[in-house]
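Everything below belongs to entry14.tsv, which stores TSV, C-alpha atoms.
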chain	number	residue	atom	x	y	z
A	127	MET	CA	9.85	0.56	15.37
A	128	GLU	CA	13.57	0.24	14.74
A	129	ARG	CA	15.30	3.00	12.85
A	130	ARG	CA	16.57	2.21	9.37
A	131	THR	CA	19.44	3.73	7.42
A	132	PHE	CA	19.01	4.34	3.72
A	133	LEU	CA	22.00	3.88	1.40
A	134	PHE	CA	22.58	5.91	-1.71
A	135	VAL	CA	24.53	5.20	-4.90
A	136	ALA	CA	26.08	7.66	-7.27
A	137	GLY	CA	23.81	10.13	-9.04
A	138	MET	CA	22.61	9.36	-12.57
A	139	GLY	CA	21.20	11.05	-15.62
A	140	VAL	CA	22.91	14.39	-14.95
A	141	LEU	CA	23.43	16.91	-17.72
A	142	CYS	CA	26.09	19.54	-16.96
A	143	THR	CA	26.88	22.86	-18.58
A	144	ALA	CA	29.50	25.43	-17.71
A	145	SER	CA	27.12	27.16	-15.35
A	146	ALA	CA	24.96	24.45	-13.79
A	147	CYS	CA	23.95	20.81	-13.65
A	148	THR	CA	20.35	19.69	-13.95
A	149	VAL	CA	18.43	16.42	-14.13
A	150	GLU	CA	15.11	15.77	-15.81
A	151	SER	CA	12.18	15.35	-13.42
A	152	SER	CA	9.29	12.95	-13.86
A	153	SER	CA	7.01	15.81	-14.78
A	154	GLY	CA	9.19	17.07	-17.57
A	155	GLY	CA	10.90	19.87	-15.63
A	156	THR	CA	14.31	19.98	-14.01
A	157	THR	CA	15.47	19.52	-10.46
A	158	ASP	CA	18.60	20.56	-8.61
A	159	SER	CA	21.40	18.20	-9.64
A	160	GLY	CA	22.46	17.20	-6.14
A	161	LEU	CA	19.02	16.66	-4.66
A	162	GLY	CA	17.42	15.32	-7.83
A	163	SER	CA	20.15	12.75	-8.36
A	164	LYS	CA	20.06	11.88	-4.66
A	165	ALA	CA	16.38	10.97	-4.91
A	166	ASP	CA	16.96	9.01	-8.13
A	167	ALA	CA	19.84	7.12	-6.57
A	168	ALA	CA	17.81	6.31	-3.46
A	169	LEU	CA	14.95	4.94	-5.54
A	170	LYS	CA	17.37	2.81	-7.54
A	171	GLU	CA	18.89	1.47	-4.33
A	172	LEU	CA	15.44	0.51	-3.01
A	173	GLN	CA	14.42	-1.37	-6.16
A	174	GLY	CA	13.27	-4.90	-5.33
A	175	LYS	CA	14.02	-4.54	-1.62
A	176	VAL	CA	11.67	-4.92	1.34
A	177	LEU	CA	12.28	-2.56	4.27
A	178	SER	CA	9.34	-3.58	6.46
A	179	LYS	CA	9.30	-6.18	9.17
A	180	GLY	CA	6.22	-8.07	10.29
A	181	PRO	CA	3.79	-7.03	13.04
A	182	ASN	CA	5.92	-8.86	15.61
A	183	GLY	CA	9.29	-7.94	14.11
A	184	GLU	CA	9.49	-10.90	11.71
A	185	ALA	CA	11.92	-10.78	8.80
A	186	PRO	CA	10.09	-10.81	5.44
A	187	ALA	CA	9.91	-13.91	3.25
A	188	HIS	CA	9.38	-13.73	-0.52
A	189	ALA	CA	6.13	-14.67	-2.26
A	190	SER	CA	8.02	-17.34	-4.22
A	191	ASP	CA	8.58	-19.18	-0.94
A	192	VAL	CA	4.92	-20.26	-0.79
A	193	GLU	CA	4.42	-21.57	-4.32
A	194	LEU	CA	2.77	-25.01	-4.60
A	195	THR	CA	4.02	-27.95	-6.61
A	196	ASP	CA	1.77	-29.84	-9.05
A	197	ALA	CA	1.51	-32.70	-6.56
A	198	GLU	CA	0.49	-30.32	-3.77
A	199	ILE	CA	-2.12	-28.67	-5.99
A	200	ALA	CA	-3.60	-32.10	-6.74
A	201	GLN	CA	-3.88	-32.79	-3.00
A	202	VAL	CA	-5.61	-29.45	-2.43
A	203	LYS	CA	-8.09	-29.98	-5.26
A	204	ALA	CA	-9.03	-33.37	-3.87
A	205	LYS	CA	-10.31	-31.73	-0.69
A	206	GLY	CA	-13.10	-29.71	-2.33
A	207	ALA	CA	-12.45	-26.94	0.18
A	208	THR	CA	-14.19	-23.59	0.69
A	209	ALA	CA	-12.91	-20.12	1.58
A	210	ALA	CA	-14.34	-16.86	2.92
A	211	LEU	CA	-12.91	-13.36	2.46
A	212	VAL	CA	-13.63	-11.02	5.37
A	213	MET	CA	-12.57	-7.52	4.28
A	214	HIS	CA	-12.11	-4.41	6.37
A	215	TYR	CA	-13.24	-2.29	3.43
A	216	ALA	CA	-14.08	-3.21	-0.15
A	217	GLY	CA	-14.68	0.20	-1.69
A	218	ASN	CA	-11.36	0.88	-3.42
A	219	ASP	CA	-9.13	-0.45	-6.18
A	220	TRP	CA	-6.74	-2.09	-3.71
A	221	ALA	CA	-9.48	-4.24	-2.17
A	222	THR	CA	-10.93	-5.06	-5.58
A	223	ALA	CA	-7.53	-6.26	-6.78
A	224	GLN	CA	-6.90	-8.32	-3.63
A	225	ILE	CA	-10.26	-10.03	-4.00
A	226	ALA	CA	-9.65	-10.65	-7.70
A	227	GLY	CA	-6.28	-12.25	-7.00
A	228	LEU	CA	-7.73	-14.41	-4.23
A	229	LYS	CA	-10.68	-15.57	-6.32
A	230	ALA	CA	-8.55	-16.36	-9.35
A	231	GLU	CA	-6.01	-18.39	-7.40
A	232	PHE	CA	-8.61	-20.20	-5.29
A	233	ALA	CA	-10.43	-21.16	-8.50
A	234	ARG	CA	-7.17	-22.49	-9.96
A	235	LEU	CA	-6.68	-24.56	-6.82
A	236	GLY	CA	-10.23	-25.95	-6.82
A	237	ILE	CA	-11.35	-23.99	-3.75
A	238	LYS	CA	-14.79	-22.35	-3.77
A	239	VAL	CA	-15.15	-18.84	-2.36
A	240	ILE	CA	-18.45	-18.89	-0.44
A	241	ALA	CA	-18.47	-15.36	1.05
A	242	VAL	CA	-16.96	-11.91	0.58
A	243	THR	CA	-17.84	-9.35	3.27
A	244	ASP	CA	-17.21	-5.61	3.68
A	245	ALA	CA	-17.05	-4.01	7.16
A	246	ASN	CA	-16.67	-0.44	5.86
A	247	PHE	CA	-13.92	0.07	8.48
A	248	ASN	CA	-16.39	-0.62	11.30
A	249	PRO	CA	-15.00	-3.13	13.86
A	250	GLY	CA	-18.46	-4.02	15.15
A	251	GLN	CA	-19.65	-4.82	11.64
A	252	GLN	CA	-16.57	-6.94	11.02
A	253	VAL	CA	-17.17	-8.96	14.18
A	254	SER	CA	-20.71	-9.60	12.95
A	255	ASN	CA	-19.38	-10.54	9.51
A	256	ILE	CA	-16.96	-13.05	11.03
A	257	GLU	CA	-19.74	-14.72	13.02
A	258	THR	CA	-21.98	-14.91	9.95
A	259	VAL	CA	-19.18	-16.41	7.86
A	260	LEU	CA	-18.29	-19.01	10.50
A	261	ALA	CA	-21.86	-20.31	10.40
A	262	ARG	CA	-21.05	-21.49	6.86
A	263	ARG	CA	-18.03	-23.47	8.12
A	264	PRO	CA	-15.34	-22.38	5.63
A	265	ASP	CA	-12.07	-24.28	5.49
A	266	ILE	CA	-10.06	-21.08	4.94
A	267	VAL	CA	-10.65	-17.50	6.12
A	268	VAL	CA	-8.61	-14.67	4.62
A	269	SER	CA	-9.09	-11.35	6.37
A	270	ILE	CA	-7.70	-7.99	7.43
A	271	PRO	CA	-8.73	-6.68	10.87
A	272	THR	CA	-10.27	-3.23	11.05
A	273	ASP	CA	-9.02	-2.89	14.63
A	274	PRO	CA	-6.45	-5.24	16.19
A	275	VAL	CA	-8.05	-5.09	19.65
A	276	ALA	CA	-11.79	-4.89	19.00
A	277	THR	CA	-11.80	-7.83	16.58
A	278	ALA	CA	-9.39	-10.14	18.41
A	279	SER	CA	-12.01	-12.25	20.20
A	280	ALA	CA	-13.91	-12.84	16.96
A	281	TYR	CA	-10.76	-14.06	15.23
A	282	ARG	CA	-10.13	-16.40	18.15
A	283	LYS	CA	-13.39	-18.07	17.13
A	284	VAL	CA	-12.02	-18.55	13.61
A	285	THR	CA	-8.93	-20.30	14.98
A	286	ALA	CA	-11.06	-22.43	17.30
A	287	SER	CA	-13.28	-23.49	14.41
A	288	GLY	CA	-10.36	-25.19	12.71
A	289	ALA	CA	-10.43	-22.91	9.68
A	290	LYS	CA	-7.01	-21.93	8.30
A	291	LEU	CA	-6.63	-18.21	8.99
A	292	VAL	CA	-4.52	-16.00	6.72
A	293	PHE	CA	-4.21	-12.25	7.24
A	294	MET	CA	-3.65	-9.34	4.91
A	295	ASP	CA	-1.33	-6.65	6.30
A	296	ASN	CA	-2.48	-6.57	9.93
A	297	VAL	CA	-3.01	-9.08	12.76
A	298	PRO	CA	-5.14	-8.99	15.92
A	299	LYS	CA	-3.48	-8.12	19.19
A	300	GLY	CA	-1.95	-11.09	20.97
A	301	PHE	CA	-1.95	-13.40	17.95
A	302	LYS	CA	1.14	-15.48	17.20
A	303	GLY	CA	2.08	-16.47	13.67
A	304	GLY	CA	2.16	-20.20	13.01
A	305	VAL	CA	-0.02	-20.80	16.07
A	306	ASP	CA	-3.09	-18.56	15.93
A	307	TYR	CA	-2.84	-17.91	12.18
A	308	GLU	CA	-0.88	-19.26	9.24
A	309	SER	CA	0.75	-16.11	7.90
A	310	VAL	CA	0.29	-12.43	7.18
A	311	VAL	CA	0.93	-11.17	3.65
A	312	SER	CA	1.72	-7.52	3.16
A	313	ALA	CA	3.14	-4.92	0.89
A	314	ASP	CA	6.36	-3.25	2.00
A	315	ASN	CA	4.52	-0.37	3.62
A	316	PHE	CA	7.57	1.20	5.24
A	317	GLY	CA	9.20	1.02	1.80
A	318	ASN	CA	6.16	2.56	0.15
A	319	GLY	CA	6.37	5.49	2.55
A	320	ALA	CA	10.06	5.87	1.78
A	321	VAL	CA	9.45	5.75	-1.98
A	322	SER	CA	6.75	8.42	-1.80
A	323	ALA	CA	9.09	10.65	0.25
A	324	HIS	CA	11.85	10.42	-2.33
A	325	LEU	CA	9.41	11.13	-5.18
A	326	LEU	CA	8.03	14.20	-3.41
A	327	ALA	CA	11.57	15.38	-2.63
A	328	LYS	CA	12.52	15.02	-6.28
A	329	ALA	CA	9.53	17.11	-7.37
A	330	LEU	CA	10.32	19.81	-4.79
A	331	ASP	CA	14.09	19.94	-5.35
A	332	GLY	CA	14.41	18.63	-1.79
A	333	LYS	CA	13.12	21.78	-0.11
A	334	GLY	CA	9.94	23.57	0.93
A	335	ASP	CA	7.11	23.40	3.46
A	336	ILE	CA	4.96	20.27	3.32
A	337	GLY	CA	1.89	18.89	5.04
A	338	VAL	CA	1.24	15.28	6.07
A	339	ILE	CA	-2.13	13.52	6.31
A	340	TYR	CA	-1.86	10.16	8.08
A	341	HIS	CA	-4.29	7.47	9.26
A	342	SER	CA	-5.11	8.07	12.93
A	343	ALA	CA	-6.33	4.52	13.65
A	344	ASP	CA	-4.17	1.86	15.31
A	345	PHE	CA	-3.45	0.22	11.98
A	346	PHE	CA	-0.02	-1.36	11.62
A	347	VAL	CA	0.53	-0.93	7.89
A	348	THR	CA	-0.65	2.66	7.56
A	349	ARG	CA	1.51	3.59	10.54
A	350	GLN	CA	4.48	2.02	8.76
A	351	ARG	CA	3.82	4.19	5.71
A	352	TYR	CA	3.80	7.31	7.85
A	353	ASP	CA	6.99	6.23	9.64
A	354	GLY	CA	8.75	5.49	6.35
A	355	PHE	CA	7.79	8.81	4.81
A	356	ARG	CA	8.62	10.90	7.85
A	357	GLN	CA	11.95	9.22	8.51
A	358	VAL	CA	13.20	9.77	4.97
A	359	VAL	CA	12.15	13.43	4.97
A	360	GLU	CA	13.67	14.15	8.36
A	361	GLU	CA	16.93	12.28	7.81
A	362	GLN	CA	17.60	12.82	4.11
A	363	TYR	CA	15.96	16.12	3.15
A	364	PRO	CA	16.51	18.64	5.96
A	365	GLU	CA	15.31	21.54	3.78
A	366	MET	CA	11.87	19.92	3.47
A	367	LYS	CA	9.93	20.97	6.56
A	368	ILE	CA	6.80	19.18	7.78
A	369	VAL	CA	4.84	22.21	8.99
A	370	LYS	CA	1.62	20.33	9.75
A	371	SER	CA	0.74	16.67	10.40
A	372	GLN	CA	-2.85	15.62	11.00
A	373	GLY	CA	-4.61	12.28	11.14
A	374	ILE	CA	-7.95	11.22	9.70
A	375	ALA	CA	-10.08	8.32	10.92
A	376	GLY	CA	-12.72	7.92	8.18
A	377	PRO	CA	-14.82	6.31	6.94
A	378	ASP	CA	-15.13	9.33	4.60
A	379	PHE	CA	-11.41	9.43	3.97
A	380	ALA	CA	-11.56	11.62	0.86
A	381	GLY	CA	-13.88	14.13	2.53
A	382	ASP	CA	-11.89	14.19	5.76
A	383	ALA	CA	-8.63	14.66	3.88
A	384	GLN	CA	-10.12	17.48	1.83
A	385	LYS	CA	-11.08	19.36	4.99
A	386	VAL	CA	-7.62	18.89	6.47
A	387	ALA	CA	-5.91	19.92	3.24
A	388	ASP	CA	-8.17	22.99	2.94
A	389	ALA	CA	-6.94	24.14	6.34
A	390	MET	CA	-3.29	23.32	5.60
A	391	ILE	CA	-3.37	25.32	2.37
A	392	SER	CA	-5.15	28.34	3.87
A	393	GLN	CA	-2.98	28.45	6.99
A	394	ASN	CA	0.33	27.90	5.19
A	395	PRO	CA	0.58	30.15	2.11
A	396	LYS	CA	4.03	28.78	1.23
A	397	LEU	CA	2.91	25.14	1.39
A	398	ALA	CA	4.65	23.34	-1.48
A	399	GLY	CA	3.42	19.79	-1.09
A	400	ILE	CA	1.21	17.35	0.79
A	401	TRP	CA	1.65	13.64	1.48
A	402	ALA	CA	-1.46	11.50	1.93
A	403	VAL	CA	-1.41	8.02	3.41
A	404	TRP	CA	-3.17	6.35	0.48
A	405	ASP	CA	-4.94	7.20	-2.76
A	406	VAL	CA	-8.44	7.92	-1.44
A	407	PRO	CA	-7.26	10.62	1.00
A	408	ALA	CA	-5.05	11.91	-1.84
A	409	GLU	CA	-8.22	12.44	-3.89
A	410	GLY	CA	-9.43	14.77	-1.14
A	411	VAL	CA	-6.12	16.64	-1.25
A	412	MET	CA	-6.47	17.05	-5.02
A	413	ALA	CA	-9.97	18.47	-4.53
A	414	ALA	CA	-8.69	20.94	-1.93
A	415	ALA	CA	-5.84	22.05	-4.19
A	416	ARG	CA	-8.15	22.65	-7.12
A	417	SER	CA	-10.63	24.53	-4.93
A	418	ALA	CA	-7.82	26.81	-3.73
A	419	GLY	CA	-6.42	27.32	-7.22
A	420	ARG	CA	-3.22	25.56	-6.14
A	421	ASN	CA	-2.52	23.58	-9.27
A	422	ASP	CA	1.19	23.94	-8.45
A	423	LEU	CA	0.85	21.86	-5.25
A	424	LYS	CA	2.86	18.62	-5.32
A	425	ILE	CA	1.15	15.53	-3.92
A	426	SER	CA	2.61	12.11	-3.18
A	427	THR	CA	0.84	9.09	-1.79
A	428	GLU	CA	0.57	5.28	-1.84
A	429	ASP	CA	-1.61	2.87	-3.82
A	430	LEU	CA	-2.30	3.11	-7.54
A	431	GLY	CA	-6.02	3.92	-7.50
A	432	THR	CA	-7.77	4.99	-10.68
A	433	ASN	CA	-8.11	8.68	-9.86
A	434	VAL	CA	-4.53	9.24	-8.73
A	435	ALA	CA	-3.33	7.22	-11.72
A	436	ILE	CA	-5.26	9.55	-14.04
A	437	ALA	CA	-3.72	12.57	-12.27
A	438	LEU	CA	-0.27	11.07	-12.82
A	439	ALA	CA	-1.06	10.38	-16.47
A	440	GLN	CA	-2.22	13.98	-16.91
A	441	ASP	CA	0.88	15.25	-15.08
A	442	GLN	CA	-1.33	17.20	-12.68
A	443	LEU	CA	-0.89	17.56	-8.90
A	444	VAL	CA	0.20	13.98	-8.12
A	445	VAL	CA	3.94	13.67	-8.70
A	446	GLY	CA	4.47	10.08	-7.64
A	447	LEU	CA	3.46	7.25	-5.35
A	448	GLY	CA	4.56	3.98	-3.88
A	449	ALA	CA	2.37	1.17	-5.17
A	450	GLN	CA	1.49	-2.12	-3.57
A	451	GLN	CA	0.94	-5.30	-5.58
A	452	PRO	CA	-2.53	-6.23	-4.30
A	453	TYR	CA	-3.42	-8.77	-6.99
A	454	GLN	CA	-0.24	-10.75	-6.31
A	455	GLN	CA	-0.80	-10.37	-2.56
A	456	GLY	CA	-4.18	-12.04	-3.04
A	457	VAL	CA	-2.61	-14.86	-5.05
A	458	THR	CA	-0.03	-15.37	-2.31
A	459	GLU	CA	-2.65	-15.44	0.45
A	460	ALA	CA	-4.66	-18.04	-1.43
A	461	ARG	CA	-1.60	-20.26	-1.84
A	462	ILE	CA	-0.78	-20.05	1.86
A	463	GLY	CA	-4.34	-21.00	2.83
A	464	ALA	CA	-4.38	-23.87	0.35
A	465	GLY	CA	-1.03	-25.15	1.52
A	466	ALA	CA	-2.21	-25.11	5.12
A	467	LEU	CA	-5.01	-27.52	4.22
A	468	ILE	CA	-2.41	-30.18	3.40
A	469	GLY	CA	-0.13	-29.37	6.32
A	470	LYS	CA	2.32	-27.13	4.47
A	471	LYS	CA	3.77	-24.51	6.81
A	472	ALA	CA	4.33	-21.03	5.42
A	473	PRO	CA	6.64	-18.25	6.64
A	474	VAL	CA	4.69	-16.20	9.18
A	475	TYR	CA	5.38	-12.93	7.32
A	476	VAL	CA	5.52	-12.54	3.54
A	477	ALA	CA	6.02	-9.14	1.90
A	478	LEU	CA	6.08	-7.82	-1.66
A	479	ASN	CA	8.34	-4.90	-2.52
A	480	ALA	CA	7.17	-1.34	-3.19
A	481	LEU	CA	6.82	-0.05	-6.76
A	482	PRO	CA	7.73	3.59	-7.46
A	483	VAL	CA	5.15	5.03	-9.88
A	484	THR	CA	5.49	8.30	-11.79
A	485	HIS	CA	4.00	9.90	-14.88
A	486	ASP	CA	6.56	8.07	-17.00
A	487	ASN	CA	5.68	4.52	-15.94
A	488	VAL	CA	2.07	4.74	-14.76
A	489	LEU	CA	0.62	2.62	-17.60
A	490	GLU	CA	3.17	-0.17	-17.20
A	491	SER	CA	2.79	-0.03	-13.43
A	492	TRP	CA	-0.97	-0.51	-13.75
A	493	LYS	CA	-0.39	-3.77	-15.60
A	494	GLN	CA	1.95	-5.01	-12.87
A	495	VAL	CA	-0.26	-3.93	-9.98
A	496	TYR	CA	-3.59	-5.20	-11.30
A	497	ASN	CA	-2.60	-7.95	-13.73
A	498	SER	CA	-4.72	-6.26	-16.42
A	499	GLU	CA	-4.51	-3.62	-19.10
A	500	PRO	CA	-4.96	0.01	-17.97
A	501	PRO	CA	-8.60	1.16	-18.26
A	502	ALA	CA	-9.54	3.25	-21.27
A	503	ASP	CA	-9.93	6.44	-19.18
A	504	LEU	CA	-6.38	6.10	-17.91
A	505	GLN	CA	-4.94	5.44	-21.34
A	506	LYS	CA	-6.84	8.40	-22.77
A	507	ALA	CA	-5.56	10.68	-19.99
A	508	MET	CA	-1.91	9.94	-20.73
A	509	LYS	CA	-0.07	13.14	-21.57
A	510	LYS	CA	2.75	12.55	-24.05
Just give me the structure of the file as structure tokens.
Amino acid sequence: MERRTFLFVAGMGVLCTASACTVESSSGGTTDSGLGSKADAALKELQGKVLSKGPNGEAPAHASDVELTDAEIAQVKAKGATAALVMHYAGNDWATAQIAGLKAEFARLGIKVIAVTDANFNPGQQVSNIETVLARRPDIVVSIPTDPVATASAYRKVTASGAKLVFMDNVPKGFKGGVDYESVVSADNFGNGAVSAHLLAKALDGKGDIGVIYHSADFFVTRQRYDGFRQVVEEQYPEMKIVKSQGIAGPDFAGDAQKVADAMISQNPKLAGIWAVWDVPAEGVMAAARSAGRNDLKISTEDLGTNVAIALAQDQLVVGLGAQQPYQQGVTEARIGAGALIGKKAPVYVALNALPVTHDNVLESWKQVYNSEPPADLQKAMKK
């Protein structure tokens, strides 16, 4: 992956006295003026930008580039088409939101969703799911591969069937956009990793020992998150030291992360923070911190799941995260599939920018991420 340089603008929100300068942190405390303002400035500079490139180095297109006109929607509706959603995993808020966005947009476009499958991160199960779905002859298949190598031959069957194939986040090995599939729609995962690094740095005043829990599978988007986080820490915050990095493979991501975090905490008494690759592993880190009595541990992650959102609202353990926009990703994927039915070519890589989420904006961020009001438990947890 190419190296990226992050630009910074002047610091903001600084309050100076004769003896020192401080800036308010997202958790109500103060951070060192230089490092705190540096993180704030970096986050401001990243706002609305996409840092990631596609699986084959493609430049990102915007979701607005695949919108359909009224005339195009009428053509799509006239086809009475069907779609199938072949998920890698359906047991988290991200997947639920993707599916909701897909179903809502397909319904608006007159396309019937005839199947939704869950492989539970098992490539063999996903191959079986693809074969079962193809027997129903869908016009569109929207999917995310559990493994880019093990599932490739099954996806070749989708292409051969004539179904329009749209991917979420990841593509099978050897597949070419615009030829073997229509497009891949993703969050800015490199940007999400960068955002979570800056938020953790802000909470730690840019210094201290930290641990990293990454996804050990050959999964393009989770690797991008890890790369984005690590690069920002190493290049921008030299006083933050990654003392331990360890991968987890799942499928019990929370349990695996808890075991890793238990060991990190016990073996590194000065550990100040831990980064987890998405919200479910972060739940395991929270459990480990509570078990060890380390309520002072700072955790950053990606994806605005319910449990990490509640932790943010309570101002406990989780200090910030980079959020995807899964509902809007689903809407975008549905539009690309629908457009393909009438011969409309889409950009081969479409990405939606990362959203920095902290205690201060968690409720508003929920509305943007999920296209719905925050659940009652989250609203009740909000610490004023």
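Nearest to Tyr215 of chain A of all the residues A:Gly174, A:Gly465, A:Pro181, A:Pro249 is A:Pro249, counting only C-alpha atoms.
With all atoms listed in the file taken into account, every residue lying no more than 7 Å from the file point (-15.7, -11.3, 4.8) is included here: Ala210, Leu211, Val212, Met213, Ala241, Val242, Thr243, Asp244, Asn255, Ile256, Val259 and Ser269 of chain A.
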Expressed in Å, the length from atom CA of Gln350 of chain A to atom CA of Ile266 of chain A is 27.6 Å
When you look at segment 206-208 of chain A with a cut-off of 7 Å (counting only C-alpha atoms), what residues show up, excluding the ones that are within fewer than 6 positions of it in the same chain? I need them as a short mmCIF file (atom, residue, chain, number, x, y, z; two decimals) with C-alpha atoms, keeping the file's coordinate frame.
data_model
loop_
_atom_site.label_atom_id
_atom_site.label_comp_id
_atom_site.auth_asym_id
_atom_site.auth_seq_id
_atom_site.Cartn_x
_atom_site.Cartn_y
_atom_site.Cartn_z
CA GLY A 236 -10.23 -25.95 -6.82
CA ILE A 237 -11.35 -23.99 -3.75
CA LYS A 238 -14.79 -22.35 -3.77
CA VAL A 239 -15.15 -18.84 -2.36
CA ILE A 240 -18.45 -18.89 -0.44
CA PRO A 264 -15.34 -22.38 5.63
CA ASP A 265 -12.07 -24.28 5.49
CA ILE A 266 -10.06 -21.08 4.94
#
Which polymer residues have any atom within 12 Å of an atom of segment 278-289 of chain A, counting only C-alpha atoms, with same-chain residues fewer than 4 positions away left out, as a PyMOL selection string? chain A and resi 207-210+212+249-274+293+296-308+463-464+466-467
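Taking atom CA of Lys510 of chain A as the reference point, atom CA of Val445 of chain A is found at 15.4 Å.
Closest approach to Val369 of chain A from the set A:Arg351, A:Lys424, A:Lys396, A:Lys229 is made by A:Lys396, with distances taken over only C-alpha atoms.
Of the residues under consideration (A:Ala387, A:Ala472, A:Val321, A:Ile462), A:Val321 shows the shortest atom-to-atom contact distance to Glu171 of chain A when counting only C-alpha atoms.
Atom CA of Leu177 of chain A lies 22.4 Å from atom CA of Asn487 of chain A.
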Calculate, to one decimal in Å, the centre and edge lengths of the box along x, y and z of the file that holds all listed atoms of segment 324-341 of chain A with 3 Å of margin on each side, and present them as lines of an AutoDock Vina configuration file.
center_x = 5.1
center_y = 15.5
center_z = 0.9
size_x = 24.7
size_y = 22.1
size_z = 22.6
Do you have, as a Markdown table, the list of residues of segment 207-231 of chain A lying at most 9 Å from segment 492-505 of chain A, each with its nearest atom pair and that distance in Å to one decimal, counting all atoms listed in the file and ordered by chain then number?
| residue | atom | partner | partner_atom | distance |
| --- | --- | --- | --- | --- |
| A:Asp219 | CA | A:Tyr496 | CA | 8.9 |
| A:Trp220 | CA | A:Tyr496 | CA | 8.8 |
| A:Ala223 | CA | A:Tyr496 | CA | 6.1 |
| A:Gln224 | CA | A:Tyr496 | CA | 8.9 |
| A:Ala226 | CA | A:Tyr496 | CA | 8.9 |
| A:Gly227 | CA | A:Tyr496 | CA | 8.7 |
Neighbouring residues of Ala187 of chain A were defined as those with any atom within 12 Å, considering only C-alpha atoms; residues of the same chain fewer than 6 positions away were excluded. Please report them as number ranges by chain. A: 175-180, 309-314, 458, 472-479
Saved selection, atoms kept: C-alpha atoms, as a tab-separated table (two decimals), in the frame of the given file:
chain	number	residue	atom	x	y	z
A	175	LYS	CA	14.02	-4.54	-1.62
A	176	VAL	CA	11.67	-4.92	1.34
A	177	LEU	CA	12.28	-2.56	4.27
A	178	SER	CA	9.34	-3.58	6.46
A	179	LYS	CA	9.30	-6.18	9.17
A	180	GLY	CA	6.22	-8.07	10.29
A	309	SER	CA	0.75	-16.11	7.90
A	310	VAL	CA	0.29	-12.43	7.18
A	311	VAL	CA	0.93	-11.17	3.65
A	312	SER	CA	1.72	-7.52	3.16
A	313	ALA	CA	3.14	-4.92	0.89
A	314	ASP	CA	6.36	-3.25	2.00
A	458	THR	CA	-0.03	-15.37	-2.31
A	472	ALA	CA	4.33	-21.03	5.42
A	473	PRO	CA	6.64	-18.25	6.64
A	474	VAL	CA	4.69	-16.20	9.18
A	475	TYR	CA	5.38	-12.93	7.32
A	476	VAL	CA	5.52	-12.54	3.54
A	477	ALA	CA	6.02	-9.14	1.90
A	478	LEU	CA	6.08	-7.82	-1.66
A	479	ASN	CA	8.34	-4.90	-2.52
Restricting the calculation to all atoms listed in the file: of A:Ala383, A:Leu489, A:Ala168, A:Ala480, which residue gets closest to Ala327 of chain A? A:Ala168
Shell of 7 Å around Met390 of chain A, only C-alpha atoms, local chain residues under 4 positions omitted, as a VMD selection string: chain A and resid 337 386 394
Could you save the residues just selected, with C-alpha atoms, as a short mmCIF file (atom, residue, chain, number, x, y, z; two decimals), in the frame of the given file?
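The result, written out as again.cif:
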data_model
loop_
_atom_site.label_atom_id
_atom_site.label_comp_id
_atom_site.auth_asym_id
_atom_site.auth_seq_id
_atom_site.Cartn_x
_atom_site.Cartn_y
_atom_site.Cartn_z
CA GLY A 337 1.89 18.89 5.04
CA VAL A 386 -7.62 18.89 6.47
CA ASN A 394 0.33 27.90 5.19
#
Could you tell me, as a PyMOL selection string, which residues have any atom at most 7 Å from (-6.3, 8.4, 11.9), counting all atoms listed in the file? chain A and resi 340-343+373-375
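Summary of the local environment: counting all atoms listed in the file, residues at most 10 Å from Met508 of chain A, other than itself and those fewer than 5 positions away along its chain, are A:Ala435, A:Ile436, A:Ala437, A:Leu438, A:Ala439, A:Gln440, A:Asp441, A:His485, A:Asp486, A:Val488, A:Leu489, A:Asp503.
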Have a look at A:Phe346, A:Arg416, A:Asp378, A:Gly469 and name the one nearest to Gly183 of chain A; count only C-alpha atoms. A:Phe346
